[in-house]
$ cat entry-v5.csv   # CSV, N, CA and C atoms
chain,number,residue,atom,x,y,z
A,1,MET,N,94.2,-61.5,63.4
A,1,MET,CA,94.5,-61.3,62.0
A,1,MET,C,94.5,-62.6,61.3
A,2,ALA,N,93.9,-62.6,60.1
A,2,ALA,CA,93.9,-63.9,59.3
A,2,ALA,C,95.2,-64.2,58.8
A,3,LEU,N,95.5,-65.5,58.6
A,3,LEU,CA,96.7,-66.0,58.0
A,3,LEU,C,96.8,-65.6,56.6
A,4,PRO,N,98.0,-65.2,56.1
A,4,PRO,CA,98.1,-64.8,54.7
A,4,PRO,C,97.7,-65.9,53.8
A,5,GLY,N,97.0,-65.6,52.7
A,5,GLY,CA,96.6,-66.6,51.8
A,5,GLY,C,95.3,-67.3,52.1
A,6,PHE,N,94.7,-67.0,53.3
A,6,PHE,CA,93.5,-67.7,53.7
A,6,PHE,C,92.4,-66.6,53.8
A,7,PRO,N,91.5,-66.5,52.8
A,7,PRO,CA,90.5,-65.4,52.8
A,7,PRO,C,89.5,-65.6,53.9
A,8,GLU,N,88.8,-64.5,54.2
A,8,GLU,CA,87.8,-64.6,55.2
A,8,GLU,C,86.6,-65.4,54.6
A,9,SER,N,85.8,-66.0,55.5
A,9,SER,CA,84.6,-66.6,55.1
A,9,SER,C,83.5,-65.7,55.6
A,10,ARG,N,82.5,-65.3,54.8
A,10,ARG,CA,81.4,-64.4,55.2
A,10,ARG,C,80.1,-64.9,54.8
A,11,PHE,N,79.1,-64.7,55.6
A,11,PHE,CA,77.7,-64.9,55.2
A,11,PHE,C,76.8,-63.9,56.0
A,12,VAL,N,75.6,-63.7,55.5
A,12,VAL,CA,74.6,-62.8,56.0
A,12,VAL,C,73.4,-63.6,56.4
A,13,GLU,N,72.8,-63.2,57.5
A,13,GLU,CA,71.6,-63.8,58.0
A,13,GLU,C,70.6,-62.7,58.5
A,14,MET,N,69.4,-62.9,58.2
A,14,MET,CA,68.3,-62.0,58.7
A,14,MET,C,67.8,-62.5,60.0
A,15,ILE,N,67.6,-61.7,61.0
A,15,ILE,CA,67.1,-62.1,62.3
A,15,ILE,C,65.6,-62.0,62.4
A,16,PHE,N,64.9,-63.1,62.6
A,16,PHE,CA,63.5,-63.2,62.6
A,16,PHE,C,63.0,-63.5,64.0
A,17,PRO,N,61.7,-63.3,64.3
A,17,PRO,CA,61.2,-63.5,65.7
A,17,PRO,C,61.5,-64.8,66.3
A,18,GLU,N,61.4,-65.9,65.5
A,18,GLU,CA,61.7,-67.2,66.1
A,18,GLU,C,63.1,-67.4,66.5
A,19,GLN,N,64.0,-66.5,66.2
A,19,GLN,CA,65.4,-66.6,66.7
A,19,GLN,C,65.6,-65.7,67.9
A,20,ALA,N,64.6,-65.1,68.4
A,20,ALA,CA,64.7,-64.1,69.5
A,20,ALA,C,64.1,-64.6,70.8
A,21,ASN,N,64.5,-63.9,71.8
A,21,ASN,CA,64.0,-64.1,73.2
A,21,ASN,C,62.8,-63.2,73.4
A,22,HIS,N,62.3,-63.2,74.6
A,22,HIS,CA,61.1,-62.3,75.0
A,22,HIS,C,61.5,-60.8,75.0
A,23,TYR,N,62.8,-60.5,74.9
A,23,TYR,CA,63.2,-59.1,74.8
A,23,TYR,C,63.2,-58.6,73.3
A,24,GLY,N,63.0,-59.5,72.4
A,24,GLY,CA,63.1,-59.2,71.0
A,24,GLY,C,64.5,-59.1,70.5
A,25,THR,N,65.4,-59.8,71.2
A,25,THR,CA,66.8,-59.8,70.7
A,25,THR,C,67.3,-61.3,70.5
A,26,LEU,N,68.3,-61.4,69.7
A,26,LEU,CA,68.8,-62.7,69.3
A,26,LEU,C,69.1,-63.6,70.5
A,27,PHE,N,68.6,-64.8,70.5
A,27,PHE,CA,69.0,-65.8,71.5
A,27,PHE,C,70.6,-66.0,71.5
A,28,GLY,N,71.2,-66.0,72.6
A,28,GLY,CA,72.6,-66.3,72.7
A,28,GLY,C,73.0,-67.6,72.0
A,29,GLY,N,72.2,-68.6,72.3
A,29,GLY,CA,72.5,-69.9,71.7
A,29,GLY,C,72.4,-69.9,70.1
A,30,THR,N,71.5,-69.1,69.6
A,30,THR,CA,71.4,-69.0,68.2
A,30,THR,C,72.6,-68.3,67.6
A,31,ALA,N,73.0,-67.2,68.3
A,31,ALA,CA,74.2,-66.5,67.9
A,31,ALA,C,75.4,-67.5,67.9
A,32,LEU,N,75.6,-68.3,68.9
A,32,LEU,CA,76.7,-69.2,68.9
A,32,LEU,C,76.6,-70.3,67.8
A,33,ASN,N,75.4,-70.7,67.5
A,33,ASN,CA,75.2,-71.6,66.4
A,33,ASN,C,75.6,-71.0,65.1
A,34,LEU,N,75.3,-69.7,64.8
A,34,LEU,CA,75.7,-69.1,63.6
A,34,LEU,C,77.2,-68.9,63.5
A,35,MET,N,77.8,-68.5,64.7
A,35,MET,CA,79.2,-68.3,64.7
A,35,MET,C,80.0,-69.6,64.5
A,36,GLY,N,79.4,-70.7,65.1
A,36,GLY,CA,80.0,-72.0,64.9
A,36,GLY,C,80.0,-72.5,63.4
A,37,LYS,N,78.9,-72.2,62.7
A,37,LYS,CA,78.8,-72.5,61.3
A,37,LYS,C,79.9,-71.7,60.5
A,38,ALA,N,80.1,-70.4,60.9
A,38,ALA,CA,81.1,-69.6,60.2
A,38,ALA,C,82.5,-70.1,60.5
A,39,ALA,N,82.8,-70.5,61.7
A,39,ALA,CA,84.1,-71.1,62.1
A,39,ALA,C,84.3,-72.4,61.3
A,40,PHE,N,83.2,-73.2,61.2
A,40,PHE,CA,83.3,-74.5,60.4
A,40,PHE,C,83.7,-74.3,59.0
A,41,VAL,N,83.0,-73.3,58.3
A,41,VAL,CA,83.3,-73.0,56.9
A,41,VAL,C,84.7,-72.6,56.7
A,42,ALA,N,85.2,-71.6,57.6
A,42,ALA,CA,86.6,-71.1,57.4
A,42,ALA,C,87.6,-72.2,57.7
A,43,ALA,N,87.4,-73.1,58.7
A,43,ALA,CA,88.3,-74.1,59.0
A,43,ALA,C,88.3,-75.2,57.9
A,44,THR,N,87.2,-75.5,57.4
A,44,THR,CA,87.1,-76.5,56.3
A,44,THR,C,87.8,-76.0,55.1
A,45,ARG,N,87.6,-74.8,54.7
A,45,ARG,CA,88.3,-74.2,53.6
A,45,ARG,C,89.8,-74.2,53.8
A,46,ALA,N,90.3,-73.9,55.0
A,46,ALA,CA,91.7,-73.9,55.2
A,46,ALA,C,92.3,-75.3,55.2
A,47,ALA,N,91.6,-76.3,55.8
A,47,ALA,CA,92.1,-77.7,55.9
A,47,ALA,C,91.8,-78.5,54.7
A,48,ARG,N,90.7,-78.2,54.0
A,48,ARG,CA,90.2,-79.1,53.0
A,48,ARG,C,90.1,-80.5,53.5
A,49,HIS,N,89.5,-80.6,54.7
A,49,HIS,CA,89.3,-81.8,55.4
A,49,HIS,C,88.1,-81.7,56.3
A,50,ALA,N,87.5,-82.8,56.7
A,50,ALA,CA,86.4,-82.8,57.7
A,50,ALA,C,87.0,-82.1,59.0
A,51,VAL,N,86.2,-81.3,59.6
A,51,VAL,CA,86.5,-80.6,60.9
A,51,VAL,C,85.4,-80.7,61.9
A,52,VAL,N,85.8,-80.6,63.1
A,52,VAL,CA,84.8,-80.5,64.2
A,52,VAL,C,85.2,-79.4,65.2
A,53,MET,N,84.2,-78.9,65.9
A,53,MET,CA,84.6,-77.9,66.9
A,53,MET,C,85.0,-78.6,68.2
A,54,ALA,N,86.2,-78.2,68.7
A,54,ALA,CA,86.7,-78.8,69.9
A,54,ALA,C,86.5,-77.9,71.1
A,55,ALA,N,86.4,-76.6,70.9
A,55,ALA,CA,86.1,-75.6,72.0
A,55,ALA,C,85.7,-74.3,71.4
A,56,SER,N,84.9,-73.6,72.2
A,56,SER,CA,84.6,-72.2,72.0
A,56,SER,C,85.3,-71.5,73.1
A,57,GLU,N,86.1,-70.5,72.7
A,57,GLU,CA,86.8,-69.8,73.7
A,57,GLU,C,86.0,-68.6,74.1
A,58,ARG,N,86.6,-67.5,74.6
A,58,ARG,CA,85.9,-66.3,75.0
A,58,ARG,C,84.9,-65.8,73.9
A,59,ILE,N,83.7,-65.6,74.3
A,59,ILE,CA,82.7,-65.0,73.4
A,59,ILE,C,82.2,-63.7,74.1
A,60,ASP,N,82.4,-62.6,73.4
A,60,ASP,CA,82.0,-61.3,73.9
A,60,ASP,C,80.7,-60.8,73.3
A,61,PHE,N,79.6,-60.7,74.0
A,61,PHE,CA,78.4,-60.2,73.6
A,61,PHE,C,78.4,-58.7,73.9
A,62,ARG,N,78.7,-57.9,72.8
A,62,ARG,CA,78.9,-56.5,73.0
A,62,ARG,C,77.6,-55.7,73.0
A,63,VAL,N,76.7,-55.9,72.0
A,63,VAL,CA,75.4,-55.2,72.0
A,63,VAL,C,74.4,-56.2,71.5
A,64,PRO,N,73.1,-56.1,71.9
A,64,PRO,CA,72.1,-57.0,71.5
A,64,PRO,C,71.8,-56.9,70.0
A,65,VAL,N,71.5,-58.0,69.4
A,65,VAL,CA,71.0,-58.0,68.0
A,65,VAL,C,69.5,-58.1,68.0
A,66,LYS,N,68.9,-57.1,67.4
A,66,LYS,CA,67.4,-57.0,67.4
A,66,LYS,C,66.7,-57.7,66.2
A,67,VAL,N,65.5,-58.2,66.5
A,67,VAL,CA,64.7,-58.8,65.4
A,67,VAL,C,64.6,-57.7,64.3
A,68,GLY,N,64.8,-58.2,63.1
A,68,GLY,CA,64.7,-57.2,61.9
A,68,GLY,C,66.0,-56.7,61.5
A,69,GLN,N,67.1,-57.0,62.3
A,69,GLN,CA,68.4,-56.6,61.8
A,69,GLN,C,69.0,-57.8,61.0
A,70,MET,N,70.0,-57.4,60.2
A,70,MET,CA,70.8,-58.4,59.5
A,70,MET,C,72.0,-58.6,60.3
A,71,VAL,N,72.6,-59.8,60.2
A,71,VAL,CA,74.0,-60.0,60.8
A,71,VAL,C,74.9,-60.5,59.7
A,72,GLU,N,76.1,-60.0,59.7
A,72,GLU,CA,77.1,-60.5,58.8
A,72,GLU,C,78.2,-61.2,59.7
A,73,LEU,N,78.4,-62.4,59.4
A,73,LEU,CA,79.4,-63.2,60.1
A,73,LEU,C,80.7,-63.2,59.3
A,74,VAL,N,81.8,-62.9,60.0
A,74,VAL,CA,83.1,-62.9,59.3
A,74,VAL,C,84.0,-63.8,60.1
A,75,ALA,N,84.5,-64.9,59.5
A,75,ALA,CA,85.4,-65.8,60.1
A,75,ALA,C,86.8,-65.8,59.5
A,76,ARG,N,87.8,-65.9,60.3
A,76,ARG,CA,89.2,-65.9,59.8
A,76,ARG,C,90.0,-66.9,60.6
A,77,VAL,N,90.7,-67.7,59.8
A,77,VAL,CA,91.7,-68.7,60.5
A,77,VAL,C,92.9,-67.9,60.9
A,78,GLU,N,93.2,-67.9,62.2
A,78,GLU,CA,94.3,-67.1,62.7
A,78,GLU,C,95.5,-68.0,63.1
A,79,ARG,N,95.3,-69.3,63.3
A,79,ARG,CA,96.4,-70.2,63.6
A,79,ARG,C,96.1,-71.6,63.1
A,80,ILE,N,97.1,-72.2,62.6
A,80,ILE,CA,97.0,-73.6,62.2
A,80,ILE,C,98.1,-74.4,62.9
A,81,GLY,N,97.7,-75.4,63.7
A,81,GLY,CA,98.6,-76.3,64.4
A,81,GLY,C,98.7,-77.6,63.7
A,82,ARG,N,99.1,-78.7,64.4
A,82,ARG,CA,99.2,-80.0,63.8
A,82,ARG,C,97.9,-80.5,63.3
A,83,SER,N,96.9,-80.5,64.1
A,83,SER,CA,95.6,-80.9,63.7
A,83,SER,C,94.5,-79.9,64.0
A,84,SER,N,94.8,-78.8,64.7
A,84,SER,CA,93.8,-77.9,65.1
A,84,SER,C,94.0,-76.5,64.4
A,85,MET,N,93.0,-75.7,64.4
A,85,MET,CA,93.0,-74.4,63.9
A,85,MET,C,92.2,-73.5,64.9
A,86,THR,N,92.7,-72.3,65.0
A,86,THR,CA,92.0,-71.2,65.8
A,86,THR,C,91.3,-70.3,64.8
A,87,VAL,N,90.0,-70.2,64.9
A,87,VAL,CA,89.2,-69.4,64.0
A,87,VAL,C,88.5,-68.3,64.8
A,88,ALA,N,88.8,-67.0,64.4
A,88,ALA,CA,88.1,-65.9,65.1
A,88,ALA,C,86.9,-65.5,64.3
A,89,VAL,N,85.8,-65.3,65.0
A,89,VAL,CA,84.5,-65.0,64.3
A,89,VAL,C,84.0,-63.7,64.9
A,90,GLU,N,83.5,-62.8,64.0
A,90,GLU,CA,82.9,-61.5,64.4
A,90,GLU,C,81.5,-61.6,63.8
A,91,MET,N,80.5,-61.1,64.6
A,91,MET,CA,79.1,-60.9,64.1
A,91,MET,C,78.8,-59.4,64.2
A,92,HIS,N,78.6,-58.9,63.0
A,92,HIS,CA,78.2,-57.4,62.9
A,92,HIS,C,76.7,-57.3,62.6
A,93,ALA,N,76.0,-56.5,63.4
A,93,ALA,CA,74.6,-56.2,63.3
A,93,ALA,C,74.4,-55.0,62.4
A,94,GLU,N,73.4,-55.1,61.5
A,94,GLU,CA,73.2,-54.0,60.5
A,94,GLU,C,71.7,-53.7,60.4
A,95,SER,N,71.3,-52.5,60.4
A,95,SER,CA,70.0,-52.1,60.1
A,95,SER,C,69.8,-52.1,58.6
A,96,PRO,N,68.8,-52.9,58.1
A,96,PRO,CA,68.6,-52.9,56.7
A,96,PRO,C,68.1,-51.6,56.1
A,97,VAL,N,67.6,-50.8,56.9
A,97,VAL,CA,67.0,-49.5,56.3
A,97,VAL,C,68.1,-48.4,56.3
A,98,SER,N,68.8,-48.2,57.5
A,98,SER,CA,69.8,-47.1,57.6
A,98,SER,C,71.1,-47.6,57.1
A,99,GLY,N,71.4,-48.9,57.2
A,99,GLY,CA,72.8,-49.4,56.9
A,99,GLY,C,73.7,-49.2,58.0
A,100,GLU,N,73.3,-48.7,59.2
A,100,GLU,CA,74.1,-48.5,60.4
A,100,GLU,C,74.6,-49.9,60.8
A,101,ARG,N,75.9,-50.0,61.1
A,101,ARG,CA,76.5,-51.3,61.5
A,101,ARG,C,77.2,-51.2,62.8
A,102,CYS,N,77.3,-52.3,63.5
A,102,CYS,CA,78.2,-52.3,64.7
A,102,CYS,C,78.6,-53.7,65.0
A,103,LEU,N,79.8,-53.9,65.6
A,103,LEU,CA,80.3,-55.2,66.0
A,103,LEU,C,79.4,-55.6,67.2
A,104,ALA,N,78.6,-56.7,67.1
A,104,ALA,CA,77.7,-57.1,68.1
A,104,ALA,C,78.4,-58.2,69.0
A,105,ILE,N,79.0,-59.2,68.4
A,105,ILE,CA,79.5,-60.3,69.1
A,105,ILE,C,80.8,-60.8,68.4
A,106,GLN,N,81.8,-61.2,69.3
A,106,GLN,CA,83.0,-61.7,68.7
A,106,GLN,C,83.5,-62.9,69.6
A,107,GLY,N,84.2,-63.8,69.0
A,107,GLY,CA,84.7,-65.0,69.7
A,107,GLY,C,85.7,-65.8,68.9
A,108,CYS,N,86.3,-66.8,69.6
A,108,CYS,CA,87.3,-67.7,69.0
A,108,CYS,C,86.8,-69.1,69.2
A,109,PHE,N,87.1,-69.9,68.2
A,109,PHE,CA,86.7,-71.3,68.2
A,109,PHE,C,87.9,-72.2,67.8
A,110,ALA,N,88.1,-73.3,68.5
A,110,ALA,CA,89.1,-74.3,68.2
A,110,ALA,C,88.5,-75.3,67.3
A,111,MET,N,89.0,-75.5,66.2
A,111,MET,CA,88.5,-76.5,65.2
A,111,MET,C,89.5,-77.5,65.0
A,112,VAL,N,89.2,-78.8,64.8
A,112,VAL,CA,90.1,-79.9,64.7
A,112,VAL,C,89.8,-80.7,63.4
A,113,ALA,N,90.8,-81.0,62.6
A,113,ALA,CA,90.6,-81.8,61.4
A,113,ALA,C,90.5,-83.3,61.9
A,114,VAL,N,89.6,-84.0,61.4
A,114,VAL,CA,89.3,-85.4,61.8
A,114,VAL,C,89.2,-86.4,60.6
A,115,ASP,N,89.5,-87.6,60.9
A,115,ASP,CA,89.2,-88.7,59.9
A,115,ASP,C,87.8,-89.2,60.0
A,116,ALA,N,87.5,-90.3,59.3
A,116,ALA,CA,86.1,-90.8,59.2
A,116,ALA,C,85.7,-91.4,60.6
A,117,ASP,N,86.7,-91.7,61.4
A,117,ASP,CA,86.4,-92.2,62.8
A,117,ASP,C,86.4,-91.2,63.8
A,118,GLY,N,86.5,-89.9,63.4
A,118,GLY,CA,86.5,-88.8,64.4
A,118,GLY,C,87.8,-88.6,65.1
A,119,ARG,N,88.9,-89.2,64.6
A,119,ARG,CA,90.2,-89.0,65.3
A,119,ARG,C,90.9,-87.9,64.6
A,120,PRO,N,91.7,-87.1,65.4
A,120,PRO,CA,92.4,-86.0,64.8
A,120,PRO,C,93.4,-86.4,63.7
A,121,VAL,N,93.5,-85.6,62.7
A,121,VAL,CA,94.5,-85.9,61.6
A,121,VAL,C,95.3,-84.6,61.3
A,122,PRO,N,96.5,-84.7,60.8
A,122,PRO,CA,97.3,-83.5,60.6
A,122,PRO,C,96.6,-82.6,59.5
A,123,VAL,N,96.7,-81.3,59.7
A,123,VAL,CA,96.2,-80.3,58.8
A,123,VAL,C,97.4,-80.0,57.8
A,124,VAL,N,97.1,-80.2,56.5
A,124,VAL,CA,98.1,-79.9,55.5
A,124,VAL,C,97.4,-78.8,54.7
A,125,ALA,N,97.5,-77.6,55.3
A,125,ALA,CA,96.8,-76.5,54.7
A,125,ALA,C,97.6,-75.8,53.6
A,126,ALA,N,97.0,-75.5,52.5
A,126,ALA,CA,97.6,-74.8,51.4
A,126,ALA,C,96.8,-73.5,51.2
A,127,PRO,N,97.5,-72.4,51.1
A,127,PRO,CA,96.7,-71.1,50.9
A,127,PRO,C,95.8,-71.2,49.7
A,128,ILE,N,94.7,-70.6,49.8
A,128,ILE,CA,93.7,-70.6,48.7
A,128,ILE,C,94.1,-69.6,47.7
A,129,PRO,N,94.3,-70.0,46.4
A,129,PRO,CA,94.8,-69.1,45.4
A,129,PRO,C,93.7,-68.0,45.2
A,130,LEU,N,94.2,-66.8,45.1
A,130,LEU,CA,93.2,-65.7,44.8
A,130,LEU,C,93.1,-65.6,43.3
A,131,THR,N,91.8,-65.3,42.9
A,131,THR,CA,91.5,-65.1,41.5
A,131,THR,C,91.6,-63.6,41.2
A,132,ASN,N,91.5,-63.3,39.9
A,132,ASN,CA,91.4,-61.9,39.5
A,132,ASN,C,90.2,-61.2,40.2
A,133,LYS,N,89.1,-62.0,40.3
A,133,LYS,CA,87.9,-61.4,41.0
A,133,LYS,C,88.2,-61.0,42.4
A,134,ASP,N,89.1,-61.8,43.1
A,134,ASP,CA,89.4,-61.5,44.5
A,134,ASP,C,90.3,-60.3,44.7
A,135,ALA,N,91.1,-60.0,43.7
A,135,ALA,CA,92.2,-59.0,43.9
A,135,ALA,C,91.6,-57.6,43.9
$ encode --input "entry-v5.csv" --output "structure tokens"
Amino acid sequence: MALPGFPESRFVEMIFPEQANHYGTLFGGTALNLMGKAAFVAATRAARHAVVMAASERIDFRVPVKVGQMVELVARVERIGRSSMTVAVEMHAESPVSGERCLAIQGCFAMVAVDADGRPVPVVAAPIPLTNKDA
């Protein structure tokens, strides 16, 4: 569950043949790349500081994502520590024609706020104010 006051970060990507393996499904490494980007955006928004990935925790590949499907990535900051944050990321696969959706992949990432020299710095996170548009 996302921390109160920290909205989800979302983006959508279309899956093309160059992102797929010989089975016509999304490469696992490409999926992790997309999920890492989503975790980065969510952590950066929460910390309002430079962040790096310190670890990827359990990643569950539930169903294959096929070429021609869209994926929606949803990232939520679930915990903020002194300099680190835990970000949960879900990847939902969607058929662009039927609109049928399913949870394809989910995982957690440890993100750390760093200074210009790459050393950890404290996270002083302030909830992002919601606008009338968000309500």
$ residues_around --input "entry-v5.csv" --residues "Thr30 in chain A" --least-positions-apart "6" --cutoff "8 Å" --atoms "only N, CA and C atoms" --output "list in words"
Gln19, Ala20 and Gly36 of chain A
$ atom_distance --input "entry-v5.csv" --atom1 "atom N of Val12 in chain A" --atom2 "atom C of Gly81 in chain A"
28.2 Å
$ atom_distance --input "entry-v5.csv" --atom1 "CA of Ala46 in chain A" --atom2 "CA of Ile15 in chain A"
28.2 Å
$ residues_around --input "entry-v5.csv" --residues "range 64-74 of chain A" --least-positions-apart "4" --cutoff "6 Å" --atoms "only C-alpha atoms" --output "PyMOL selection string"
chain A and resi 9-17+24-26+89-95
$ atom_distance --input "entry-v5.csv" --atom1 "atom C of Ala42 in chain A" --atom2 "CA of Glu57 in chain A"
16.2 Å
$ select_by_dssp --input "entry-v5.csv" --residues "range 19-135 of chain A" --states "helix (DSSP H, G or I)" --output "PyMOL selection string"
chain A and resi 19+28-47
$ closest_residue --input "entry-v5.csv" --among "A:Ile59, A:Met53, A:Val124, A:Val77" --to "Gln106 in chain A" --atoms "all atoms listed in the file"
A:Ile59
$ closest_residue --input "entry-v5.csv" --among "A:Leu34, A:Gly118, A:Leu103, A:Ala113" --to "His49 in chain A" --atoms "all atoms listed in the file"
A:Ala113
$ closest_residue --input "entry-v5.csv" --among "A:Arg119, A:Ile105, A:Asn21, A:Met111" --to "Val63 in chain A" --atoms "all atoms listed in the file"
A:Ile105
$ residues_around --input "entry-v5.csv" --residues "Ser83 in chain A" --least-positions-apart "6" --cutoff "7 Å" --atoms "only C-alpha atoms" --output "PyMOL selection string"
chain A and resi 112-113+120-123
$ closest_residue --input "entry-v5.csv" --among "A:Ala104, A:Ala50, A:Ala110, A:Val41" --to "Val87 in chain A" --atoms "all atoms listed in the file"
A:Ala110
$ residues_near_point --input "entry-v5.csv" --point "(85.3, -69.5, 75.4)" --cutoff "10 Å" --atoms "only C-alpha atoms" --output "list in words"
Ala55, Ser56, Glu57, Arg58, Ile59, Asp60, Gly107, Cys108, Phe109 and Ala110 of chain A
$ select_by_dssp --input "entry-v5.csv" --residues "chain A" --states "strand (DSSP E or B)" --output "number ranges by chain"
A: 9-14, 20, 25-26, 51-61, 66, 70-80, 84-94, 101-114, 120
$ decode --input "entry-v5.csv" --residues "range 22-44 of chain A" --atoms "N, CA and C atoms" --output "compact mmCIF listing (two decimals), in the first residue's frame"
# COMPACT_ATOMS: atom_id res chain seq x y z
N HIS A 22 12.49 -15.14 -28.55
CA HIS A 22 12.07 -15.98 -29.68
C HIS A 22 10.70 -16.62 -29.48
N TYR A 23 10.13 -16.48 -28.29
CA TYR A 23 8.76 -16.95 -28.03
C TYR A 23 7.71 -15.87 -28.32
N GLY A 24 8.18 -14.65 -28.63
CA GLY A 24 7.26 -13.55 -28.88
C GLY A 24 6.74 -12.92 -27.60
N THR A 25 7.50 -13.09 -26.52
CA THR A 25 7.11 -12.48 -25.24
C THR A 25 8.22 -11.57 -24.75
N LEU A 26 7.85 -10.63 -23.92
CA LEU A 26 8.76 -9.61 -23.40
C LEU A 26 9.96 -10.24 -22.71
N PHE A 27 11.17 -9.79 -23.08
CA PHE A 27 12.39 -10.22 -22.39
C PHE A 27 12.27 -9.87 -20.91
N GLY A 28 12.70 -10.77 -20.04
CA GLY A 28 12.69 -10.50 -18.61
C GLY A 28 13.52 -9.27 -18.26
N GLY A 29 14.68 -9.13 -18.90
CA GLY A 29 15.54 -7.98 -18.64
C GLY A 29 14.90 -6.66 -19.03
N THR A 30 14.15 -6.67 -20.12
CA THR A 30 13.44 -5.46 -20.55
C THR A 30 12.35 -5.12 -19.55
N ALA A 31 11.66 -6.14 -19.05
CA ALA A 31 10.62 -5.92 -18.03
C ALA A 31 11.24 -5.29 -16.79
N LEU A 32 12.39 -5.81 -16.36
CA LEU A 32 13.07 -5.25 -15.18
C LEU A 32 13.51 -3.82 -15.43
N ASN A 33 13.97 -3.52 -16.65
CA ASN A 33 14.36 -2.16 -17.00
C ASN A 33 13.18 -1.21 -16.85
N LEU A 34 12.03 -1.58 -17.40
CA LEU A 34 10.84 -0.74 -17.30
C LEU A 34 10.40 -0.56 -15.85
N MET A 35 10.45 -1.65 -15.09
CA MET A 35 10.05 -1.58 -13.68
C MET A 35 11.03 -0.71 -12.88
N GLY A 36 12.32 -0.79 -13.21
CA GLY A 36 13.31 0.06 -12.55
C GLY A 36 13.07 1.53 -12.82
N LYS A 37 12.69 1.86 -14.06
CA LYS A 37 12.37 3.25 -14.39
C LYS A 37 11.17 3.74 -13.58
N ALA A 38 10.15 2.90 -13.46
CA ALA A 38 8.97 3.28 -12.69
C ALA A 38 9.33 3.50 -11.23
N ALA A 39 10.16 2.62 -10.66
CA ALA A 39 10.60 2.76 -9.27
C ALA A 39 11.40 4.05 -9.10
N PHE A 40 12.27 4.35 -10.07
CA PHE A 40 13.07 5.56 -10.03
C PHE A 40 12.19 6.81 -10.00
N VAL A 41 11.18 6.86 -10.86
CA VAL A 41 10.30 8.03 -10.92
C VAL A 41 9.55 8.20 -9.59
N ALA A 42 8.99 7.12 -9.06
CA ALA A 42 8.25 7.20 -7.80
C ALA A 42 9.15 7.65 -6.66
N ALA A 43 10.36 7.09 -6.57
CA ALA A 43 11.28 7.45 -5.49
C ALA A 43 11.77 8.89 -5.63
N THR A 44 12.05 9.32 -6.85
CA THR A 44 12.49 10.69 -7.07
C THR A 44 11.40 11.67 -6.68
